[in-house]
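A.B. asks: Handing you this structure, nothing more for now.
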Amino acid sequence: MIGRRQLLIGAGGLAAAGLAGRAWHQGLLGGDNPALHAWDEWASQRQAGALKLIGAGVLASSPHNTQPWAFALGRLGVDIFEVPGRNLGTMDPFGRERLAGLGGAIHNMALASTALGRAARVRLLPDAENPGHVARIVLGPDGSGPPPHPLLPFIARRHTHRGPWRGGLVAEAKLAVLLAFPAFAGVKVALFGAGSPAGRRFAALTDDATAAITSDATMMADSHRWFRHDHGEAQRLMDGVTLATSGVSPWLAAAGAMMPAQSAASEGAYWLAATRDTHLPTASLFGLILTQQPHDRRSALLIGSAWQRLHLNATAAGLVAQPLNQLPEMIDREAQMRAAPRFARAADALLDDPAWRPGFCFRLGIADAPANAALRRPVSAVLGPPARLAWEIDQWKAAAGAF
Ligand SMILES: Cc1cc2nc3c(=O)[nH]c(=O)nc-3n(C[C@H](O)[C@H](O)[C@H](O)COP(=O)(O)O)c2cc1C
């Protein structure tokens, strides 16, 4: 006969199995994860020819991991297209962040061209009749390119780090590595120590902007659409943000995974607390990527390229990084709502020259352990036939010398 104690143990075991099941559904119990294979594909350099460019492009940073891209492979190069449906709604009402994600992919692809030994020419917005055709990378003949770029191995090691960091100063030598990149036209970078007067003002503004976003139910609902609480859904969609990349410790992530899926409101409360208690106080540096025209499509692409490059440089220097874009997100939200531009004015007060606007904000620092890799759709999922058709039509037009 089964005693009461055994029954209780049995029930406990069943509950534990149920909780572990939820953790499995969140993808937190390890094992092979096909939604992460894109990282190994690039790291192992298995992709052939120009496919390598797309393999690097899909690993770029994108807002909420929306991966708003489609690619077309041709004999002479690769076309990159915006996918407007992969959007953040009111969190990014003018599509500025979406373009920044595309700019990041373009930069990774330009770097990856050096792995082929073929010269690459990048043209942004090459088709005046199709603004969604954001770039074309044309490849020269074999042997025409520069040697492999030293940042190539870091493309698969760059991950957004949302955890607690050590704080403290960053060595001058690391700062030099961080800022070593060719200028992006019309874009400049401002860095300030987290404890400096400007750093403290930035932190207070970011806290304020996070509180404003989390109390805007429409913004939170739009953000929530990209949270993947279920492992099966994450495996199917291979995009969005998961508990595993939220920055909580592995133990807490596993415990959290056993709880019911979070609502938009509880995600907001968690995000506000993490920003206040972890992201802002443990950073070493804050930074802004500035442009005079944040809503100009070319500028938005270049802002994203600059972020991708900064994050790769940071990774190569042994630093960690996280975007903190609440301030520009609220500037856009106020413009969309035609509300008083409280955050735009506050940004003016933060900057020496109000002609330059923040297009991207971030924190940098030192962490004890690297961040987890985020989900990615593989190259096969982002090569679309309509895009290929567009490429071929363009080739045909060029060959015919017409139009
Ligand atoms: C334009 C843009 C805005 C972003 N804003 C934020 C942000 O405010 N907070 C954050 O934690 N991550 C932000 N990210 C990082 C993305 O969430 C991250 O790149 C994505 O989840 C994929 O993860 P990975 O960078 O580790 O590959 C942003 C990325 C881009 C390109």
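Labels for the structure tokens follow display order: chains A, B, ..., residues from 1 in each chain, ligands from 1.
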Could you pull out the residues in region 211-263 of chain A that DSSP calls alpha helix (DSSP H) from the backbone, as a PyMOL selection string?
C.D. replies: chain A and resi 211-214+217-224+231-237+250-257
A.B. asks: Around ligand 1, at most 7 Å away and counting only C-alpha atoms and all ligand atoms, which residues are there? Put them as a list of chain:residue names, please.
C.D. replies: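 Selection of residues at most 7 Å from ligand 1: A:Leu59, A:Ala60, A:Ser61, A:Ser62, A:Pro63, A:His64, A:Asn65, A:Glu97, A:Arg98, A:Ala100, A:Gly101, A:Gly104, A:Arg158, A:His159, A:Thr160, A:His161, A:Arg162, A:Gly240, A:Val241, A:Gly304, A:Gln322, A:Pro323, A:Leu324, A:Asn325, A:Gln326, A:Phe360, A:Ala373, A:Ala374.
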A.B. asks: Tell me, in Å to one decimal, how far CA of Arg166 (chain A) is from CA of Phe362 (chain A).
C.D. replies: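 We find that CA of Arg166 (chain A) and CA of Phe362 (chain A) lie 16.3 Å from each other.
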A.B. asks: As a list in words, list the residues of region 176-286 of chain A assigned to strand (DSSP E or B) by DSSP on the backbone atoms of this structure.
C.D. replies: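 So the strand (DSSP E or B) residues in region 176-286 of chain A would be Val187, Lys188, Val189, Ala190, Leu191, Phe192, Gly193, Phe227, Val241, Leu285 and Phe286 of chain A.
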A.B. asks: Would you mind listing what lies within 9 Å of region 284-290 of chain A as a compact mmCIF listing (two decimals) with C-alpha atoms, in the first residue's frame, with only C-alpha atoms counted and same-chain residues fewer than 5 positions away left out?
C.D. replies:
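See selection-v4.txt below for the written result:
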# COMPACT_ATOMS: atom_id res chain seq x y z
CA TRP A 165 28.30 44.09 -14.57
CA ARG A 166 31.29 44.96 -12.42
CA GLY A 167 31.28 48.75 -12.82
CA GLY A 168 34.59 50.62 -12.52
CA LEU A 169 36.73 52.38 -15.08
CA VAL A 170 37.58 51.02 -18.53
CA GLY A 186 27.02 62.09 -40.72
CA VAL A 187 27.30 60.06 -37.53
CA LYS A 188 29.30 60.73 -34.36
CA VAL A 189 29.73 58.92 -31.06
CA ALA A 190 29.67 60.56 -27.61
CA LEU A 191 30.93 58.54 -24.62
CA PHE A 192 30.82 59.54 -20.97
CA GLY A 193 31.78 57.90 -17.70
CA ALA A 194 28.79 56.48 -15.84
CA GLY A 195 29.64 58.59 -12.76
CA GLY A 199 26.48 60.06 -17.23
CA PHE A 202 21.72 60.20 -18.98
CA ALA A 203 20.91 57.57 -16.33
CA ILE A 303 23.53 54.60 -37.05
CA ALA A 306 28.01 52.26 -36.27
CA TRP A 307 26.38 50.36 -33.38
CA TRP A 356 22.85 66.50 -33.12
CA ARG A 357 20.09 64.11 -32.06
CA PRO A 358 20.46 60.78 -30.25
CA GLY A 359 19.80 57.93 -32.69
CA PHE A 360 21.04 55.17 -30.42
CA CYS A 361 21.97 54.96 -26.72
CA PHE A 362 23.93 52.26 -24.94
CA ARG A 363 25.95 51.19 -21.93
CA LEU A 364 29.40 49.57 -21.94
CA GLY A 365 31.33 47.80 -19.23
CA ILE A 366 33.01 44.77 -17.78
A.B. asks: Do a neighbour search on Leu36 (chain A) at 12 Å with only C-alpha atoms, toss out local chain neighbours closer than 3 positions, and write the hits as a PyMOL selection string.
C.D. replies: chain A and resi 27+30-33+39-43+58-59+156+234-239+372-378
A.B. asks: Would you save the residues from that selection as a compact mmCIF listing (two decimals), in the first residue's frame, using C-alpha atoms?
C.D. replies:
# COMPACT_ATOMS: atom_id res chain seq x y z
CA GLY A 27 14.82 26.31 -23.63
CA GLY A 30 20.41 22.96 -22.34
CA GLY A 31 20.56 20.43 -25.15
CA ASP A 32 20.83 21.10 -28.85
CA ASN A 33 18.93 24.22 -29.91
CA TRP A 39 25.90 31.19 -34.77
CA ASP A 40 27.80 27.91 -35.32
CA GLU A 41 27.27 28.10 -39.07
CA TRP A 42 29.19 31.37 -39.21
CA ALA A 43 31.79 30.39 -36.61
CA VAL A 58 21.68 37.36 -39.87
CA LEU A 59 23.86 37.56 -36.74
CA ALA A 156 29.62 35.14 -33.67
CA ALA A 234 10.78 30.14 -29.99
CA GLN A 235 11.96 27.11 -32.00
CA ARG A 236 9.35 27.71 -34.67
CA LEU A 237 9.85 31.49 -35.00
CA MET A 238 13.59 31.74 -34.14
CA ASP A 239 13.32 35.43 -33.32
CA ASN A 372 23.93 33.98 -23.98
CA ALA A 373 23.39 33.91 -27.73
CA ALA A 374 19.96 35.05 -28.97
CA LEU A 375 17.76 33.08 -31.37
CA ARG A 376 18.33 33.47 -35.09
CA ARG A 377 16.58 32.40 -38.26
CA PRO A 378 19.03 30.57 -40.52
A.B. asks: Considering only C-alpha atoms, state which residue in the set A:Asp296, A:Asp92, A:Glu267, A:Asp208 is at the smallest distance from His229 (chain A).
C.D. replies: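 Of all the options, A:Glu267 lies closest to His229 (chain A).
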A.B. asks: Could you check the closest approach to Ala119 (chain A) for each of A:Leu88, A:Ala50, A:Ala180, A:Val382 and tell me which residue wins, using only C-alpha atoms?
C.D. replies: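 Using only C-alpha atoms, the shortest distance to Ala119 (chain A) belongs to A:Ala50.
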A.B. asks: What gap, in Å, lies between CA of Ala183 (chain A) and CA of Pro354 (chain A)?
C.D. replies: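 Straight-line distance from CA of Ala183 (chain A) to CA of Pro354 (chain A) works out to 20.6 Å.
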A.B. asks: When you look at Ala269 (chain A) with a cut-off of 8 Å (counting only C-alpha atoms), what residues show up, excluding the ones that are within fewer than 4 positions of it in the same chain? I need them as a ChimeraX atom specification.
C.D. replies: /A:214,265,273
A.B. asks: Between A:Pro141, A:Val248, A:Pro148, A:Ile155, which residue has the minimum interatomic distance to Ala38 (chain A), considering only C-alpha atoms?
C.D. replies: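 Smallest distance to Ala38 (chain A) is found for A:Ile155.
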A.B. asks: Mind giving me the straight-line distance from CA of Ala317 (chain A) to CA of Ser299 (chain A) in Å, one decimal?
C.D. replies: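 Computing it gives 26.5 Å between the two atoms.
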A.B. asks: Point out the residue among A:Asn108, A:Ser263, A:Asn87, A:Thr275 with the least atom-to-atom distance to Ala221 (chain A), counting only C-alpha atoms.
C.D. replies: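 Of A:Asn108, A:Ser263, A:Asn87, A:Thr275, the one nearest Ala221 (chain A) is A:Ser263, counting only C-alpha atoms.
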A.B. asks: Between A:Leu102, A:Ala112, A:Ala135, A:Met330, which is the closest to Ser215 (chain A) once you count only C-alpha atoms?
C.D. replies: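 The shortest atom-to-atom distance to Ser215 (chain A) comes from A:Met330.
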A.B. asks: Pick from A:Arg96, A:Arg345, A:Arg75, A:Arg86: nearest to Pro294 (chain A), with only C-alpha atoms counted?
C.D. replies: A:Arg96
